[in-house]
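Below is the file final.cif, which contains mmCIF, C-alpha atoms.
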data_target
loop_
_atom_site.label_atom_id
_atom_site.label_comp_id
_atom_site.auth_asym_id
_atom_site.auth_seq_id
_atom_site.Cartn_x
_atom_site.Cartn_y
_atom_site.Cartn_z
CA GLY A 5 20.49 -11.43 -9.80
CA LYS A 6 23.40 -10.20 -11.94
CA VAL A 7 23.49 -7.00 -13.97
CA LEU A 8 23.91 -7.70 -17.71
CA GLY A 9 24.09 -4.08 -18.85
CA PRO A 10 21.88 -1.03 -19.48
CA ALA A 11 18.15 -1.59 -19.86
CA ARG A 12 17.12 -2.16 -23.48
CA SER A 13 13.38 -1.45 -23.54
CA ASP A 14 12.27 2.10 -24.39
CA THR A 15 10.35 2.38 -21.12
CA HIS A 16 13.47 1.64 -19.05
CA LYS A 17 16.30 3.21 -21.12
CA GLY A 18 18.36 5.58 -18.98
CA LYS A 19 16.27 4.64 -15.94
CA GLY A 20 17.24 1.02 -15.37
CA VAL A 21 19.44 -1.99 -16.08
CA GLU A 22 18.99 -5.50 -17.47
CA VAL A 23 19.29 -8.19 -14.79
CA MET A 24 19.60 -11.98 -15.04
CA PHE A 25 17.91 -13.88 -12.21
CA THR A 26 18.84 -17.57 -11.86
CA HIS A 27 15.22 -18.70 -12.16
CA ASN A 28 14.68 -16.87 -15.47
CA LYS A 29 15.67 -17.84 -19.03
CA ALA A 30 16.51 -14.29 -20.09
CA GLY A 31 17.46 -10.93 -18.62
CA VAL A 32 14.74 -8.62 -17.30
CA ASP A 33 14.77 -4.81 -17.47
CA CYS A 34 14.40 -3.32 -13.97
CA TYR A 35 14.06 0.31 -12.92
CA LEU A 36 16.87 1.59 -10.68
CA THR A 37 14.30 2.26 -7.94
CA GLU A 38 13.50 -1.47 -7.90
CA LEU A 39 17.08 -2.59 -7.21
CA SER A 40 19.61 -2.43 -4.40
CA ALA A 41 23.24 -3.52 -4.00
CA ALA A 42 22.36 -4.64 -0.47
CA ALA A 43 19.83 -7.30 0.55
CA PRO A 44 16.42 -5.70 1.20
CA GLU A 45 14.89 -5.54 4.65
CA PRO A 46 12.89 -8.62 5.69
CA ILE A 47 9.15 -8.61 5.08
CA PRO A 48 7.26 -7.67 8.28
CA GLY A 49 5.48 -10.43 10.17
CA GLY A 50 7.95 -13.07 9.03
CA TYR A 51 6.11 -13.48 5.71
CA GLN A 52 7.89 -14.48 2.50
CA ALA A 53 7.37 -13.10 -1.01
CA GLY A 54 4.81 -15.31 -2.77
CA GLN A 55 3.41 -16.69 0.49
CA GLU A 56 -0.34 -17.28 0.58
CA VAL A 57 -2.27 -15.23 3.15
CA PHE A 58 -5.91 -14.66 4.06
CA PHE A 59 -7.62 -11.35 4.78
CA THR A 60 -9.21 -11.27 8.24
CA GLY A 61 -10.35 -7.64 8.39
CA SER A 62 -13.67 -6.01 7.60
CA CYS A 63 -14.94 -6.04 4.03
CA GLN A 64 -13.94 -2.94 2.08
CA THR A 65 -14.64 -1.56 -1.38
CA LEU A 66 -11.81 0.65 -2.64
CA TRP A 67 -12.23 3.77 -4.76
CA ASN A 68 -11.42 1.93 -8.02
CA GLY A 69 -13.95 -0.85 -7.41
CA ASP A 70 -11.44 -3.36 -6.01
CA LYS A 71 -12.59 -5.23 -2.91
CA VAL A 72 -11.02 -6.95 0.08
CA VAL A 73 -13.30 -9.45 1.78
CA TYR A 74 -13.08 -11.48 4.96
CA GLY A 75 -11.36 -14.79 4.18
CA GLY A 76 -10.09 -13.53 0.80
CA ARG A 77 -6.97 -15.35 -0.43
CA GLY A 78 -3.94 -13.40 -1.68
CA LYS A 79 -0.17 -13.55 -2.15
CA VAL A 80 2.44 -11.47 -0.36
CA LEU A 81 4.48 -9.31 -2.77
CA GLY A 82 6.75 -7.62 -0.22
CA PRO A 83 6.75 -4.96 2.53
CA ALA A 84 3.92 -2.41 2.51
CA THR A 85 4.64 0.61 0.30
CA SER A 86 2.23 3.19 1.76
CA GLU A 87 3.64 5.64 4.31
CA GLU A 88 1.08 4.75 7.00
CA CYS A 89 1.53 0.98 6.59
CA LYS A 90 5.34 0.83 6.34
CA GLY A 91 6.88 -1.52 8.90
CA LYS A 92 3.41 -2.55 10.06
CA GLY A 93 2.10 -4.37 7.02
CA VAL A 94 2.70 -6.04 3.67
CA LEU A 95 1.68 -5.54 0.03
CA VAL A 96 -0.75 -8.24 -1.11
CA LYS A 97 -1.99 -9.31 -4.54
CA PHE A 98 -5.61 -10.49 -4.56
CA ALA A 99 -6.47 -12.25 -7.83
CA GLN A 100 -9.75 -10.41 -8.34
CA ASN A 101 -8.25 -6.93 -7.92
CA LYS A 102 -6.65 -4.57 -10.43
CA ARG A 103 -4.25 -3.04 -7.90
CA ASP A 104 -2.13 -4.51 -5.12
CA VAL A 105 -3.35 -3.70 -1.61
CA ASN A 106 -1.39 -2.56 1.45
CA CYS A 107 -2.62 -4.57 4.45
CA TYR A 108 -1.74 -4.22 8.12
CA LEU A 109 -0.36 -7.37 9.75
CA TYR A 110 -3.40 -7.61 12.04
CA GLN A 111 -5.61 -7.90 8.92
CA LEU A 112 -3.85 -11.03 7.66
CA SER A 113 -3.35 -14.66 8.59
CA ALA A 114 -1.28 -17.48 7.10
CA ALA A 115 -4.12 -19.88 8.00
CA VAL A 116 -7.72 -19.93 6.76
CA PRO A 117 -9.69 -17.75 9.23
CA GLY A 118 -12.48 -19.23 11.30
CA PRO A 119 -16.19 -18.90 10.55
CA ILE A 120 -16.69 -16.00 12.98
CA ALA A 121 -19.06 -13.58 11.27
CA PRO A 122 -17.21 -10.42 10.18
CA PRO A 123 -18.84 -6.98 10.22
CA PRO A 124 -21.34 -6.78 7.33
CA CYS A 125 -19.95 -5.51 4.05
CA SER A 126 -22.96 -3.24 3.69
CA GLN A 127 -21.96 -1.29 6.78
CA ALA A 128 -21.82 2.42 5.96
CA PRO A 129 -18.22 3.65 5.70
CA GLU A 130 -17.06 6.56 7.82
CA PRO A 131 -17.58 9.90 6.06
CA VAL A 132 -14.63 11.39 4.21
CA PRO A 133 -13.42 14.62 5.92
CA GLY A 134 -13.85 17.92 4.11
CA GLY A 135 -16.99 16.73 2.34
CA TYR A 136 -14.93 14.92 -0.31
CA GLN A 137 -16.13 11.72 -1.98
CA ALA A 138 -14.11 8.59 -2.77
CA GLY A 139 -12.88 8.88 -6.37
CA GLN A 140 -13.20 12.68 -6.42
CA GLU A 141 -10.42 14.63 -8.14
CA VAL A 142 -8.41 16.99 -5.94
CA PHE A 143 -5.34 19.17 -6.40
CA PHE A 144 -2.36 19.39 -4.06
CA THR A 145 -1.72 22.97 -2.93
CA GLY A 146 1.04 22.41 -0.37
CA SER A 147 4.83 22.48 -0.65
CA CYS A 148 6.52 19.77 -2.74
CA GLN A 149 7.72 16.73 -0.79
CA THR A 150 9.56 13.50 -1.64
CA PHE A 151 9.35 10.52 0.74
CA ALA A 152 11.87 7.75 1.39
CA SER A 153 9.63 5.32 -0.53
CA GLY A 154 9.95 7.43 -3.69
CA ASN A 155 6.37 8.70 -3.38
CA LYS A 156 6.03 12.46 -3.75
CA LEU A 157 3.66 15.40 -3.52
CA VAL A 158 3.86 18.15 -6.15
CA TYR A 159 2.10 21.53 -6.05
CA GLY A 160 -0.77 21.68 -8.53
CA ASP A 161 -0.86 17.97 -9.34
CA CYS A 162 -4.21 16.19 -9.57
CA GLY A 163 -5.06 13.02 -7.65
CA LYS A 164 -8.06 10.99 -6.57
CA VAL A 165 -9.45 10.69 -3.07
CA LEU A 166 -9.34 7.10 -1.76
CA GLY A 167 -11.04 7.77 1.57
CA PRO A 168 -10.33 9.20 5.03
CA ALA A 169 -6.70 9.59 6.09
CA THR A 170 -5.39 6.49 7.88
CA ALA A 171 -2.37 7.83 9.78
CA ALA A 172 -3.03 8.88 13.40
CA THR A 173 -1.50 12.31 12.66
CA HIS A 174 -4.00 12.96 9.86
CA LYS A 175 -7.20 11.22 11.06
CA GLY A 176 -10.16 13.58 11.00
CA LYS A 177 -7.94 16.29 9.49
CA GLY A 178 -7.15 14.85 6.08
CA VAL A 179 -7.81 12.34 3.31
CA ASN A 180 -5.84 9.61 1.55
CA VAL A 181 -5.07 10.55 -2.07
CA MET A 182 -3.69 8.53 -4.98
CA PHE A 183 -1.48 10.37 -7.48
CA ASP A 184 -0.75 8.44 -10.71
CA TYR A 185 3.03 8.49 -10.31
CA ASN A 186 2.98 7.13 -6.73
CA LYS A 187 2.97 3.49 -5.61
CA ALA A 188 0.29 4.01 -2.96
CA GLY A 189 -2.11 6.59 -1.57
CA ILE A 190 -0.70 9.41 0.61
CA ASP A 191 -2.40 11.08 3.56
CA CYS A 192 -2.84 14.82 2.94
CA TYR A 193 -4.16 17.46 5.33
CA LEU A 194 -7.35 19.19 4.17
CA ASP A 195 -5.60 22.58 4.04
CA THR A 196 -3.17 21.22 1.39
CA LEU A 197 -5.94 20.18 -1.02
CA SER A 198 -8.46 21.87 -3.26
CA ALA A 199 -11.28 20.62 -5.48
CA GLU A 200 -10.16 23.21 -8.06
CA ALA A 201 -6.80 23.68 -9.76
CA PRO A 202 -4.67 26.14 -7.76
CA GLU A 203 -3.34 29.39 -9.23
CA PRO A 204 -0.10 29.01 -11.22
CA VAL A 205 3.25 29.67 -9.57
CA ALA A 206 4.23 33.32 -9.94
CA GLY A 207 6.74 34.27 -12.63
CA GLY A 208 5.80 31.34 -14.84
CA TYR A 209 7.89 28.95 -12.75
CA GLN A 210 6.90 25.31 -12.30
CA ALA A 211 6.80 23.32 -9.07
CA ARG A 212 10.17 21.56 -8.46
CA GLN A 213 11.89 23.71 -11.14
CA GLU A 214 15.55 24.46 -10.41
CA VAL A 215 16.36 28.16 -9.89
CA PHE A 216 19.36 30.19 -8.79
CA PHE A 217 19.33 33.01 -6.22
CA THR A 218 20.64 36.29 -7.69
CA GLY A 219 19.88 38.69 -4.85
#

In structure tokens, what does this structure look like?
Amino acid sequence: GKVLGPARSDTHKGKGVEVMFTHNKAGVDCYLTELSAAAPEPIPGGYQAGQEVFFTGSCQTLWNGDKVVYGGRGKVLGPATSEECKGKGVLVKFAQNKRDVNCYLYQLSAAVPGPIAPPPCSQAPEPVPGGYQAGQEVFFTGSCQTFASGNKLVYGDCGKVLGPATAATHKGKGVNVMFDYNKAGIDCYLDTLSAEAPEPVAGGYQARQEVFFTG
């Protein structure tokens, strides 16, 4: 598309620009984090944005009530956004769900899957480490981090447990947590989480606050 000027909507002012795409009748406000001066990387698996795909993995119910079911039809939105799925999956929109779902390539097919019986949806899920429950509120107690995707972890912030950690480095030692300002859940080690709000930062400082060394 072509940049028309600064974003005009209140939600995007100072944080985005207005862009005209050839297939649209008017300019669209886009956040700066959604744009690049260079062509984006191709979608893994050779998929195209808007392509129809079918879910071939085991049935799952997510923490917010959304479901992915064997044979479910969805549309590819782009590369996966979660840290554990990046480069190995895509982001898919399933019509019946409220949120888009990161799916590994091995869980998808461009063709309707066969009638092979999948594992039953009623199968008990693996327990969440640390005794946490899906949907439970937790607080991050580790050091602040910002990832290449734009996702971040901030000391003291509250999130919701989605389930066990999915990355090999965190499996059995952590859980996957969704923070409101992130695009996807992030794997966190158990020792960086607490079910209760952590003590405030000494001196009245805030996490990520800029300070100057005077010693």

Item to complete: Report as a count of residues only the full result of the PyMOL selection byres ((chain A and resi 72-76) around 7) when it is applied to this structure.
Response: 14

Worksheet item: Using all atoms listed in the file, which of A:Ala84, A:Met24, A:Cys162, A:Ala211 sits nearest A:Pro46?
Response: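 The shortest atom-to-atom distance to A:Pro46 comes from A:Ala84.
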
Practice prompt. Please identify all polymer residues within 12 Å of A:His27, counting only C-alpha atoms, omitting same-chain residues fewer than 5 positions from it, and present them as a list in words.
Written response: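 Within the cut-off, the hits are Gly5, Lys6 and Val32 of chain A.
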
Worksheet item: Hey, can you pull every residue with an atom no more than 10 Å from (4.5, 4.6, 6.0), using all atoms listed in the file, and send it as JSON, numbers by chain?
Response: {"A": [84, 85, 86, 87, 88, 89, 90, 91, 92, 93, 151, 152, 153, 171, 188, 190, 191]}

Output of the above residues as a PDB file, keeping the file's coordinate frame, restricted to C-alpha atoms:
ATOM      1  CA  ALA A  84       3.920  -2.410   2.510  1.00  0.00           C
ATOM      2  CA  THR A  85       4.640   0.610   0.300  1.00  0.00           C
ATOM      3  CA  SER A  86       2.230   3.190   1.760  1.00  0.00           C
ATOM      4  CA  GLU A  87       3.640   5.640   4.310  1.00  0.00           C
ATOM      5  CA  GLU A  88       1.080   4.750   7.000  1.00  0.00           C
ATOM      6  CA  CYS A  89       1.530   0.980   6.590  1.00  0.00           C
ATOM      7  CA  LYS A  90       5.340   0.830   6.340  1.00  0.00           C
ATOM      8  CA  GLY A  91       6.880  -1.520   8.900  1.00  0.00           C
ATOM      9  CA  LYS A  92       3.410  -2.550  10.060  1.00  0.00           C
ATOM     10  CA  GLY A  93       2.100  -4.370   7.020  1.00  0.00           C
ATOM     11  CA  PHE A 151       9.350  10.520   0.740  1.00  0.00           C
ATOM     12  CA  ALA A 152      11.870   7.750   1.390  1.00  0.00           C
ATOM     13  CA  SER A 153       9.630   5.320  -0.530  1.00  0.00           C
ATOM     14  CA  ALA A 171      -2.370   7.830   9.780  1.00  0.00           C
ATOM     15  CA  ALA A 188       0.290   4.010  -2.960  1.00  0.00           C
ATOM     16  CA  ILE A 190      -0.700   9.410   0.610  1.00  0.00           C
ATOM     17  CA  ASP A 191      -2.400  11.080   3.560  1.00  0.00           C
TER      18      ASP A 191
END

Fill in: Separation of atom CA of A:Ala99 from atom CA of A:Pro48, in Å and rounded to one decimal
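Those two atoms sit 21.7 Å apart.
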
Discussion item. What's the separation between atom CA of A:Asp33 and atom CA of A:Gly18, in Å to one decimal place?
Written reply: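 That distance, rounded to one decimal, is 11.1 Å.
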
Practice prompt. Kindly indicate which residue among A:Val7, A:Thr150, A:Tyr159, A:Lys164 lies nearest to A:Glu203, using all atoms listed in the file for the distances.
Written response: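 Selected residue with least distance to A:Glu203: A:Tyr159.
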
Worksheet entry | Among the residues A:Gly160, A:Gly178, A:Gly134, A:Gly189, the one that comes closest to A:Asp104 [using all atoms listed in the file] |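 The answer is A:Gly189, which sits nearest to A:Asp104.
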
Worksheet item: Quick one, how far is atom CA of A:Trp67 from atom CA of A:Leu166?
Response: 5.3 Å

Discussion item. To test your reading of the syntax: which residues would the PyMOL selection byres ((chain A and resi 23) around 12) return for the file shown? Reply as a ChimeraX atom specification.
Written reply: /A:5-12,20-22,24-36,38-40

Go ahead and write the selection's residues with C-alpha atoms as an mmCIF file, keeping the file's coordinate frame.
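Result saved to again-v6.cif:
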data_model
loop_
_atom_site.group_PDB
_atom_site.id
_atom_site.type_symbol
_atom_site.label_atom_id
_atom_site.label_comp_id
_atom_site.auth_asym_id
_atom_site.auth_seq_id
_atom_site.Cartn_x
_atom_site.Cartn_y
_atom_site.Cartn_z
ATOM 1 C CA GLY A 5 20.490 -11.430 -9.800
ATOM 2 C CA LYS A 6 23.400 -10.200 -11.940
ATOM 3 C CA VAL A 7 23.490 -7.000 -13.970
ATOM 4 C CA LEU A 8 23.910 -7.700 -17.710
ATOM 5 C CA GLY A 9 24.090 -4.080 -18.850
ATOM 6 C CA PRO A 10 21.880 -1.030 -19.480
ATOM 7 C CA ALA A 11 18.150 -1.590 -19.860
ATOM 8 C CA ARG A 12 17.120 -2.160 -23.480
ATOM 9 C CA GLY A 20 17.240 1.020 -15.370
ATOM 10 C CA VAL A 21 19.440 -1.990 -16.080
ATOM 11 C CA GLU A 22 18.990 -5.500 -17.470
ATOM 12 C CA MET A 24 19.600 -11.980 -15.040
ATOM 13 C CA PHE A 25 17.910 -13.880 -12.210
ATOM 14 C CA THR A 26 18.840 -17.570 -11.860
ATOM 15 C CA HIS A 27 15.220 -18.700 -12.160
ATOM 16 C CA ASN A 28 14.680 -16.870 -15.470
ATOM 17 C CA LYS A 29 15.670 -17.840 -19.030
ATOM 18 C CA ALA A 30 16.510 -14.290 -20.090
ATOM 19 C CA GLY A 31 17.460 -10.930 -18.620
ATOM 20 C CA VAL A 32 14.740 -8.620 -17.300
ATOM 21 C CA ASP A 33 14.770 -4.810 -17.470
ATOM 22 C CA CYS A 34 14.400 -3.320 -13.970
ATOM 23 C CA TYR A 35 14.060 0.310 -12.920
ATOM 24 C CA LEU A 36 16.870 1.590 -10.680
ATOM 25 C CA GLU A 38 13.500 -1.470 -7.900
ATOM 26 C CA LEU A 39 17.080 -2.590 -7.210
ATOM 27 C CA SER A 40 19.610 -2.430 -4.400
#

Worksheet entry | Matched chain/residue IDs from the PyMOL selection byres ((chain A and resi 49) around 12), as a PyMOL selection string | chain A and resi 45-48+50-53+55+57+80+82-84+90-95+107-114

Practice prompt. Find the spatial neighbours of A:Gly167, counting only C-alpha atoms, within a cut-off of 7 Å - ignore same-chain residues fewer than 4 positions away - and output them as number ranges by chain.
Written response: A: 132, 138, 179-180

Worksheet item: A:Gly135: which residues within 12 Å, counting only C-alpha atoms, same-chain residues fewer than 2 positions away excluded, as a list in words?
Response: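 In the requested form, the answer reads Glu130, Pro131, Val132, Pro133, Gln137, Ala138, Gln140, Val142, Val165, Gly167, Pro168, Gly176, Lys177, Gly178, Val179, Leu194, Ser198 and Ala199 of chain A.
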
Dump C-alpha atoms for the selected residues as an mmCIF file, keeping the file's coordinate frame?
data_model
loop_
_atom_site.group_PDB
_atom_site.id
_atom_site.type_symbol
_atom_site.label_atom_id
_atom_site.label_comp_id
_atom_site.auth_asym_id
_atom_site.auth_seq_id
_atom_site.Cartn_x
_atom_site.Cartn_y
_atom_site.Cartn_z
ATOM 1 C CA GLU A 130 -17.060 6.560 7.820
ATOM 2 C CA PRO A 131 -17.580 9.900 6.060
ATOM 3 C CA VAL A 132 -14.630 11.390 4.210
ATOM 4 C CA PRO A 133 -13.420 14.620 5.920
ATOM 5 C CA GLN A 137 -16.130 11.720 -1.980
ATOM 6 C CA ALA A 138 -14.110 8.590 -2.770
ATOM 7 C CA GLN A 140 -13.200 12.680 -6.420
ATOM 8 C CA VAL A 142 -8.410 16.990 -5.940
ATOM 9 C CA VAL A 165 -9.450 10.690 -3.070
ATOM 10 C CA GLY A 167 -11.040 7.770 1.570
ATOM 11 C CA PRO A 168 -10.330 9.200 5.030
ATOM 12 C CA GLY A 176 -10.160 13.580 11.000
ATOM 13 C CA LYS A 177 -7.940 16.290 9.490
ATOM 14 C CA GLY A 178 -7.150 14.850 6.080
ATOM 15 C CA VAL A 179 -7.810 12.340 3.310
ATOM 16 C CA LEU A 194 -7.350 19.190 4.170
ATOM 17 C CA SER A 198 -8.460 21.870 -3.260
ATOM 18 C CA ALA A 199 -11.280 20.620 -5.480
#

Practice prompt. Can you work out which one of A:Leu197, A:Ala169, A:Met182, A:Val105 has the shortest atom-to-atom distance to A:Thr145, counting only C-alpha atoms?
Written response: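 Going through A:Leu197, A:Ala169, A:Met182, A:Val105 one by one, the smallest distance to A:Thr145 is for A:Leu197.
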
Fill in: Counting only C-alpha atoms, the residue of A:Lys187, A:Lys97, A:Lys19, A:Arg103 that sits nearest A:Gly154
A:Lys187

Would you fill out stretch 135-154 of chain A with N, CA and C atoms and return it as an mmCIF file, keeping the file's coordinate frame?
data_model
loop_
_atom_site.group_PDB
_atom_site.id
_atom_site.type_symbol
_atom_site.label_atom_id
_atom_site.label_comp_id
_atom_site.auth_asym_id
_atom_site.auth_seq_id
_atom_site.Cartn_x
_atom_site.Cartn_y
_atom_site.Cartn_z
ATOM 1 N N GLY A 135 -15.877 16.861 3.273
ATOM 2 C CA GLY A 135 -16.990 16.730 2.340
ATOM 3 C C GLY A 135 -16.600 16.101 1.014
ATOM 4 N N TYR A 136 -15.361 15.582 0.930
ATOM 5 C CA TYR A 136 -14.930 14.920 -0.310
ATOM 6 C C TYR A 136 -15.595 13.561 -0.450
ATOM 7 N N GLN A 137 -15.589 13.041 -1.674
ATOM 8 C CA GLN A 137 -16.130 11.720 -1.980
ATOM 9 C C GLN A 137 -15.010 10.828 -2.507
ATOM 10 N N ALA A 138 -15.094 9.525 -2.231
ATOM 11 C CA ALA A 138 -14.110 8.590 -2.770
ATOM 12 C C ALA A 138 -14.144 8.661 -4.297
ATOM 13 N N GLY A 139 -12.975 8.775 -4.915
ATOM 14 C CA GLY A 139 -12.880 8.880 -6.370
ATOM 15 C C GLY A 139 -12.881 10.302 -6.885
ATOM 16 N N GLN A 140 -13.148 11.275 -5.998
ATOM 17 C CA GLN A 140 -13.200 12.680 -6.420
ATOM 18 C C GLN A 140 -11.799 13.202 -6.745
ATOM 19 N N GLU A 141 -11.698 14.018 -7.792
ATOM 20 C CA GLU A 141 -10.420 14.630 -8.140
ATOM 21 C C GLU A 141 -10.117 15.794 -7.215
ATOM 22 N N VAL A 142 -8.867 15.867 -6.766
ATOM 23 C CA VAL A 142 -8.410 16.990 -5.940
ATOM 24 C C VAL A 142 -7.030 17.428 -6.409
ATOM 25 N N PHE A 143 -6.636 18.622 -6.017
ATOM 26 C CA PHE A 143 -5.340 19.170 -6.400
ATOM 27 C C PHE A 143 -4.532 19.465 -5.137
ATOM 28 N N PHE A 144 -3.239 19.139 -5.206
ATOM 29 C CA PHE A 144 -2.360 19.390 -4.060
ATOM 30 C C PHE A 144 -1.892 20.834 -4.095
ATOM 31 N N THR A 145 -2.057 21.543 -2.981
ATOM 32 C CA THR A 145 -1.720 22.970 -2.930
ATOM 33 C C THR A 145 -0.607 23.258 -1.919
ATOM 34 N N GLY A 146 -0.022 22.219 -1.345
ATOM 35 C CA GLY A 146 1.040 22.410 -0.370
ATOM 36 C C GLY A 146 2.415 22.445 -1.011
ATOM 37 N N SER A 147 3.449 22.471 -0.166
ATOM 38 C CA SER A 147 4.830 22.480 -0.650
ATOM 39 C C SER A 147 5.222 21.095 -1.152
ATOM 40 N N CYS A 148 6.070 21.037 -2.169
ATOM 41 C CA CYS A 148 6.520 19.770 -2.740
ATOM 42 C C CYS A 148 7.280 18.950 -1.696
ATOM 43 N N GLN A 149 7.050 17.641 -1.722
ATOM 44 C CA GLN A 149 7.720 16.730 -0.790
ATOM 45 C C GLN A 149 8.067 15.442 -1.513
ATOM 46 N N THR A 150 9.197 14.821 -1.135
ATOM 47 C CA THR A 150 9.560 13.500 -1.640
ATOM 48 C C THR A 150 9.847 12.616 -0.434
ATOM 49 N N PHE A 151 9.213 11.428 -0.391
ATOM 50 C CA PHE A 151 9.350 10.520 0.740
ATOM 51 C C PHE A 151 10.403 9.456 0.454
ATOM 52 N N ALA A 152 10.837 8.779 1.514
ATOM 53 C CA ALA A 152 11.870 7.750 1.390
ATOM 54 C C ALA A 152 11.447 6.635 0.438
ATOM 55 N N SER A 153 10.148 6.388 0.332
ATOM 56 C CA SER A 153 9.630 5.320 -0.530
ATOM 57 C C SER A 153 9.696 5.679 -2.014
ATOM 58 N N GLY A 154 9.977 6.971 -2.307
ATOM 59 C CA GLY A 154 9.950 7.430 -3.690
ATOM 60 C C GLY A 154 8.646 8.129 -4.035
#
